[in-house]
Amino acid sequence: MKKIPQFSSLHNHTIFCDGKDDIETMCRAAYEKKLCAVGFSAHAPITKKTGIESDWHMKDEVFGKYTEHVLAAKKRWRGKLEVLLGFEIDYIKGLRSALDRDITEVNPDYLIGSVHYLIPANGAKPFTVDGPQEEFSQGLNEGFNGDARALMNSYYDAQLEMIALGGFEILGHADLVKKNCIGKNLWPREEEVYRQKEIAHAVGNAAGNAAGNAAGKAAGNAGVIAEVNTGGINRKKINEVYPSETFLRVFRENNVPVIITADAHSAEEIKGNYNIAVKTILSAGFLDHVIIFRKSTKKIKYVKEKLLNFLAD
Ligand SMILES: [Zn+2]
Ligand SMILES: [Zn+2]
């Protein structure tokens, strides 16, 4: 009998932030889709900490309720589905990071470290690289004088700072900055490849040096892992995973393990387009470094040739 790998889905949003479904509905979907683990990664609140207003982050007031609900689901599903408590935590220079006490003191199972915000050096308003096109263009013009190269560099600089600071297990959508730039002539492709190499190198080092990182210690050789995120495809914004196949190739060269995630904002997306992620990972040369979070432990498991069976299924 063919062995089909059991995937996890660890990047998920619910009604506690900007998702459509509640925790129980997401758990049920994960169980029906035969996932071995489902993790919740609410956008950790930023307003109290940074003063930035947001309609897509969890409100500071529901923080406690969120952790309670996830922990209750963990108990309810015990023996059937591994439920993990996580956060997607923004890195906002000097304002928010995975090392913040409010997050570490609830002892989450894992954290996804993501850069969404750029803080322009000229004092213009912080903005997100993945917001609506008009907002992005406004940020580009006001914050970077229309210089896409400067914007891109600012994004990867922030990501390098975040990796150096550490405290998280999964690097979120490493090239999210492409979302509003794909197909645009102004984009400095070659320079971006250079920055991707820097990122992959830094993550590779973090993956090799697991000191101080709970999941890294548990995994032995994997401190930080990079996600292969199908969220852009699931929500029909782009037709490829974050990060791109080229970027994944560089991750592979730097021995960065990867994990497939859906960045689901509804139950139906919980395993959305995993086949595209698998194909991309395989063509990027990952034959034995694809990992999942294994049932009942936080350990990481290599899936190897089973991925081919997944595609054939
Ligand atoms: Zn994100
Ligand atoms: Zn997300």
# chains A, B, ... in the order shown; residues from 1 in each chain; ligands from 1
call {"tool": "residues_near_ligand", "arguments": {"ligand": "ligand 2", "cutoff": "12 Å", "atoms": "only C-alpha atoms and all ligand atoms", "output": "number ranges by chain"}}
result
A: 9-14, 17-19, 39-44, 56-58, 86-90, 111-116, 130, 170-174, 176, 227, 229-232, 234-235, 242, 261-266, 270
call {"tool": "write_last_selection", "arguments": {"atoms": "C-alpha atoms", "output": "PDB file, in the first residue's frame"}}
result
ATOM      1  CA  SER A   9      -1.451  22.840   8.713  1.00  0.00           C
ATOM      2  CA  LEU A  10       0.081  25.340  11.090  1.00  0.00           C
ATOM      3  CA  HIS A  11      -0.637  28.726   9.585  1.00  0.00           C
ATOM      4  CA  ASN A  12      -4.313  29.417  10.180  1.00  0.00           C
ATOM      5  CA  HIS A  13      -6.458  32.388  11.089  1.00  0.00           C
ATOM      6  CA  THR A  14      -9.877  32.294  12.726  1.00  0.00           C
ATOM      7  CA  CYS A  17      -8.359  37.867  13.934  1.00  0.00           C
ATOM      8  CA  ASP A  18      -9.205  38.077  10.225  1.00  0.00           C
ATOM      9  CA  GLY A  19     -10.421  34.527   9.554  1.00  0.00           C
ATOM     10  CA  GLY A  39      -2.025  24.926  14.504  1.00  0.00           C
ATOM     11  CA  PHE A  40      -3.563  28.301  15.142  1.00  0.00           C
ATOM     12  CA  SER A  41      -1.490  31.328  14.319  1.00  0.00           C
ATOM     13  CA  ALA A  42      -3.623  34.360  15.082  1.00  0.00           C
ATOM     14  CA  HIS A  43      -2.069  37.662  14.109  1.00  0.00           C
ATOM     15  CA  ALA A  44      -0.758  38.638  17.544  1.00  0.00           C
ATOM     16  CA  TRP A  56      -6.793  42.305  10.741  1.00  0.00           C
ATOM     17  CA  HIS A  57      -4.893  41.629  13.972  1.00  0.00           C
ATOM     18  CA  MET A  58      -6.421  40.048  17.035  1.00  0.00           C
ATOM     19  CA  GLY A  86       0.689  29.498  17.974  1.00  0.00           C
ATOM     20  CA  PHE A  87       0.802  33.093  16.824  1.00  0.00           C
ATOM     21  CA  GLU A  88       1.862  34.813  13.671  1.00  0.00           C
ATOM     22  CA  ILE A  89       3.903  37.570  15.158  1.00  0.00           C
ATOM     23  CA  ASP A  90       4.852  40.705  13.295  1.00  0.00           C
ATOM     24  CA  LEU A 111       5.553  31.079  16.553  1.00  0.00           C
ATOM     25  CA  ILE A 112       5.552  32.191  12.941  1.00  0.00           C
ATOM     26  CA  GLY A 113       7.762  35.238  12.447  1.00  0.00           C
ATOM     27  CA  SER A 114       6.481  37.481   9.647  1.00  0.00           C
ATOM     28  CA  VAL A 115       7.285  40.842   8.177  1.00  0.00           C
ATOM     29  CA  HIS A 116       4.228  42.683   6.861  1.00  0.00           C
ATOM     30  CA  ASP A 130       0.592  42.904   1.250  1.00  0.00           C
ATOM     31  CA  ILE A 170       8.725  29.266  11.333  1.00  0.00           C
ATOM     32  CA  LEU A 171       9.759  31.996   8.919  1.00  0.00           C
ATOM     33  CA  GLY A 172       6.505  33.320   7.413  1.00  0.00           C
ATOM     34  CA  HIS A 173       6.048  33.930   3.656  1.00  0.00           C
ATOM     35  CA  ALA A 174       9.659  34.931   2.981  1.00  0.00           C
ATOM     36  CA  LEU A 176       5.537  38.373   0.624  1.00  0.00           C
ATOM     37  CA  GLU A 227       7.148  27.860   5.321  1.00  0.00           C
ATOM     38  CA  ASN A 229       2.750  29.132   2.031  1.00  0.00           C
ATOM     39  CA  THR A 230      -0.165  28.585  -0.359  1.00  0.00           C
ATOM     40  CA  GLY A 231      -2.209  31.505   1.022  1.00  0.00           C
ATOM     41  CA  GLY A 232      -1.758  33.733  -2.028  1.00  0.00           C
ATOM     42  CA  ASN A 234      -5.891  30.062  -1.893  1.00  0.00           C
ATOM     43  CA  ARG A 235      -7.152  33.624  -1.949  1.00  0.00           C
ATOM     44  CA  TYR A 242       5.522  32.113  -0.967  1.00  0.00           C
ATOM     45  CA  THR A 261       1.212  25.836   5.230  1.00  0.00           C
ATOM     46  CA  ALA A 262      -2.048  27.198   3.850  1.00  0.00           C
ATOM     47  CA  ASP A 263      -2.316  30.577   5.594  1.00  0.00           C
ATOM     48  CA  ALA A 264      -5.979  29.610   5.741  1.00  0.00           C
ATOM     49  CA  HIS A 265      -8.580  32.233   6.558  1.00  0.00           C
ATOM     50  CA  SER A 266     -11.432  29.728   6.327  1.00  0.00           C
ATOM     51  CA  ILE A 270      -6.997  24.473   5.544  1.00  0.00           C
TER      52      ILE A 270
END
call {"tool": "residues_around", "arguments": {"residues": "A:Arg149", "least_positions_apart": "6", "cutoff": "9 Å", "atoms": "only C-alpha atoms", "output": "VMD selection string"}}
result
chain A and resid 186 to 188 191 to 192
call {"tool": "select_by_dssp", "arguments": {"residues": "stretch 3-113 of chain A", "states": "helix (DSSP H, G or I)", "output": "VMD selection string"}}
result
chain A and resid 23 to 32 47 to 50 60 to 76 101 to 104
call {"tool": "residues_around", "arguments": {"residues": "A:Asp157", "least_positions_apart": "6", "cutoff": "10 Å", "atoms": "only C-alpha atoms", "output": "list in words"}}
result
Leu118, Leu151, Ile163, Arg195, Glu198 and Ile199 of chain A
call {"tool": "write_last_selection", "arguments": {"atoms": "C-alpha atoms", "output": "short mmCIF file (atom, residue, chain, number, x, y, z; two decimals), in the first residue's frame"}}
result
data_model
loop_
_atom_site.label_atom_id
_atom_site.label_comp_id
_atom_site.auth_asym_id
_atom_site.auth_seq_id
_atom_site.Cartn_x
_atom_site.Cartn_y
_atom_site.Cartn_z
CA LEU A 118 7.64 48.59 6.55
CA LEU A 151 11.33 49.29 -0.71
CA ILE A 163 15.97 36.33 11.91
CA ARG A 195 18.81 39.40 -0.99
CA GLU A 198 21.29 36.49 2.27
CA ILE A 199 18.00 35.46 3.88
#
call {"tool": "closest_residue", "arguments": {"among": "A:Leu165, A:Val106, A:Cys36, A:Val129", "to": "ligand 1", "atoms": "only C-alpha atoms and all ligand atoms"}}
result
A:Val129
call {"tool": "closest_residue", "arguments": {"among": "A:Thr246, A:Asn180, A:Gln6, A:Thr280", "to": "A:Gly139", "atoms": "only C-alpha atoms"}}
result
A:Asn180
call {"tool": "select_by_dssp", "arguments": {"residues": "stretch 54-227 of chain A", "states": "strand (DSSP E)", "output": "compact mmCIF listing (two decimals) with N, CA and C atoms, in the first residue's frame"}}
result
# COMPACT_ATOMS: atom_id res chain seq x y z
N GLU A 82 -3.79 16.55 16.62
CA GLU A 82 -2.93 17.40 17.45
C GLU A 82 -3.30 18.86 17.18
N VAL A 83 -3.64 19.57 18.23
CA VAL A 83 -3.99 20.99 18.10
C VAL A 83 -2.91 21.81 18.78
N LEU A 84 -2.36 22.77 18.05
CA LEU A 84 -1.24 23.53 18.59
C LEU A 84 -1.57 25.02 18.72
N LEU A 85 -1.05 25.60 19.78
CA LEU A 85 -1.25 27.02 20.03
C LEU A 85 -0.07 27.82 19.48
N GLY A 86 -0.37 28.67 18.54
CA GLY A 86 0.69 29.50 17.97
C GLY A 86 0.22 30.92 17.74
N PHE A 87 1.12 31.72 17.25
CA PHE A 87 0.80 33.09 16.82
C PHE A 87 1.61 33.39 15.58
N GLU A 88 1.05 34.21 14.71
CA GLU A 88 1.86 34.81 13.67
C GLU A 88 2.23 36.17 14.23
N ILE A 89 3.50 36.36 14.48
CA ILE A 89 3.90 37.57 15.16
C ILE A 89 4.66 38.49 14.21
N ASP A 90 4.21 39.73 14.17
CA ASP A 90 4.85 40.70 13.30
C ASP A 90 6.20 41.10 13.84
N TYR A 110 4.43 27.16 19.17
CA TYR A 110 5.33 27.64 18.10
C TYR A 110 4.93 29.05 17.71
N LEU A 111 5.85 29.74 17.07
CA LEU A 111 5.55 31.08 16.55
C LEU A 111 5.98 31.17 15.09
N ILE A 112 5.17 31.88 14.32
CA ILE A 112 5.55 32.19 12.94
C ILE A 112 6.02 33.65 12.94
N GLY A 113 7.23 33.87 12.52
CA GLY A 113 7.76 35.24 12.45
C GLY A 113 7.54 35.79 11.05
N SER A 114 6.83 36.92 10.96
CA SER A 114 6.48 37.48 9.65
C SER A 114 6.76 38.97 9.58
N TYR A 117 4.89 44.81 7.84
CA TYR A 117 5.01 46.28 7.87
C TYR A 117 6.39 46.77 7.48
N LEU A 118 6.40 47.86 6.77
CA LEU A 118 7.64 48.59 6.55
C LEU A 118 7.51 49.93 7.26
N PHE A 127 3.38 51.02 6.62
CA PHE A 127 2.35 50.38 5.78
C PHE A 127 2.73 48.93 5.54
N THR A 128 1.73 48.16 5.09
CA THR A 128 1.99 46.73 4.87
C THR A 128 2.29 46.46 3.40
N ILE A 170 9.03 29.34 12.77
CA ILE A 170 8.72 29.27 11.33
C ILE A 170 8.85 30.66 10.72
N LEU A 171 9.64 30.73 9.64
CA LEU A 171 9.76 32.00 8.92
C LEU A 171 8.56 32.12 7.98
N ILE A 225 12.59 27.02 10.54
CA ILE A 225 12.24 26.41 9.28
C ILE A 225 11.45 27.43 8.47
N ALA A 226 11.44 27.24 7.17
CA ALA A 226 10.75 28.21 6.32
C ALA A 226 9.44 27.61 5.85
N GLU A 227 8.40 28.41 5.81
CA GLU A 227 7.15 27.86 5.32
C GLU A 227 7.06 27.99 3.81
call {"tool": "residues_around", "arguments": {"residues": "A:Thr25", "least_positions_apart": "3", "cutoff": "10 Å", "atoms": "only C-alpha atoms", "output": "PyMOL selection string"}}
result
chain A and resi 14+20-22+28-31+266-268
call {"tool": "closest_residue", "arguments": {"among": "A:Lys279, A:Glu245, A:Asp175, A:Arg101", "to": "ligand 1", "atoms": "only C-alpha atoms and all ligand atoms"}}
result
A:Asp175
call {"tool": "closest_residue", "arguments": {"among": "A:Tyr274, A:Leu71, A:Gly146, A:Pro126", "to": "A:Pro108", "atoms": "only C-alpha atoms"}}
result
A:Leu71
call {"tool": "residues_around", "arguments": {"residues": "A:Phe144", "least_positions_apart": "6", "cutoff": "9 Å", "atoms": "only C-alpha atoms", "output": "list in words"}}
result
Pro120, Ala121, Asn122, Ala124, Ala150 and Leu151 of chain A
call {"tool": "write_last_selection", "arguments": {"atoms": "N, CA and C atoms", "output": "CSV table (one decimal), in the first residue's frame"}}
result
chain,number,residue,atom,x,y,z
A,120,PRO,N,9.0,53.4,6.8
A,120,PRO,CA,9.9,54.2,6.0
A,120,PRO,C,10.9,55.1,6.8
A,121,ALA,N,12.1,55.2,6.4
A,121,ALA,CA,13.1,56.0,7.1
A,121,ALA,C,12.8,57.5,7.1
A,122,ASN,N,12.0,57.9,6.1
A,122,ASN,CA,11.7,59.4,6.0
A,122,ASN,C,10.6,59.8,6.9
A,124,ALA,N,7.5,58.7,7.0
A,124,ALA,CA,6.2,58.4,6.5
A,124,ALA,C,5.5,57.3,7.2
A,150,ALA,N,14.5,50.4,-3.2
A,150,ALA,CA,14.7,50.8,-1.7
A,150,ALA,C,13.6,50.1,-0.9
A,151,LEU,N,12.4,50.0,-1.4
A,151,LEU,CA,11.3,49.3,-0.7
A,151,LEU,C,11.7,47.8,-0.5
call {"tool": "closest_residue", "arguments": {"among": "A:Arg78, A:Lys34, A:Lys93, A:Lys179", "to": "ligand 1", "atoms": "only C-alpha atoms and all ligand atoms"}}
result
A:Lys179
call {"tool": "atom_distance", "arguments": {"atom1": "atom CA of A:Val256", "atom2": "atom CA of A:Asn273"}}
result
21.8 Å
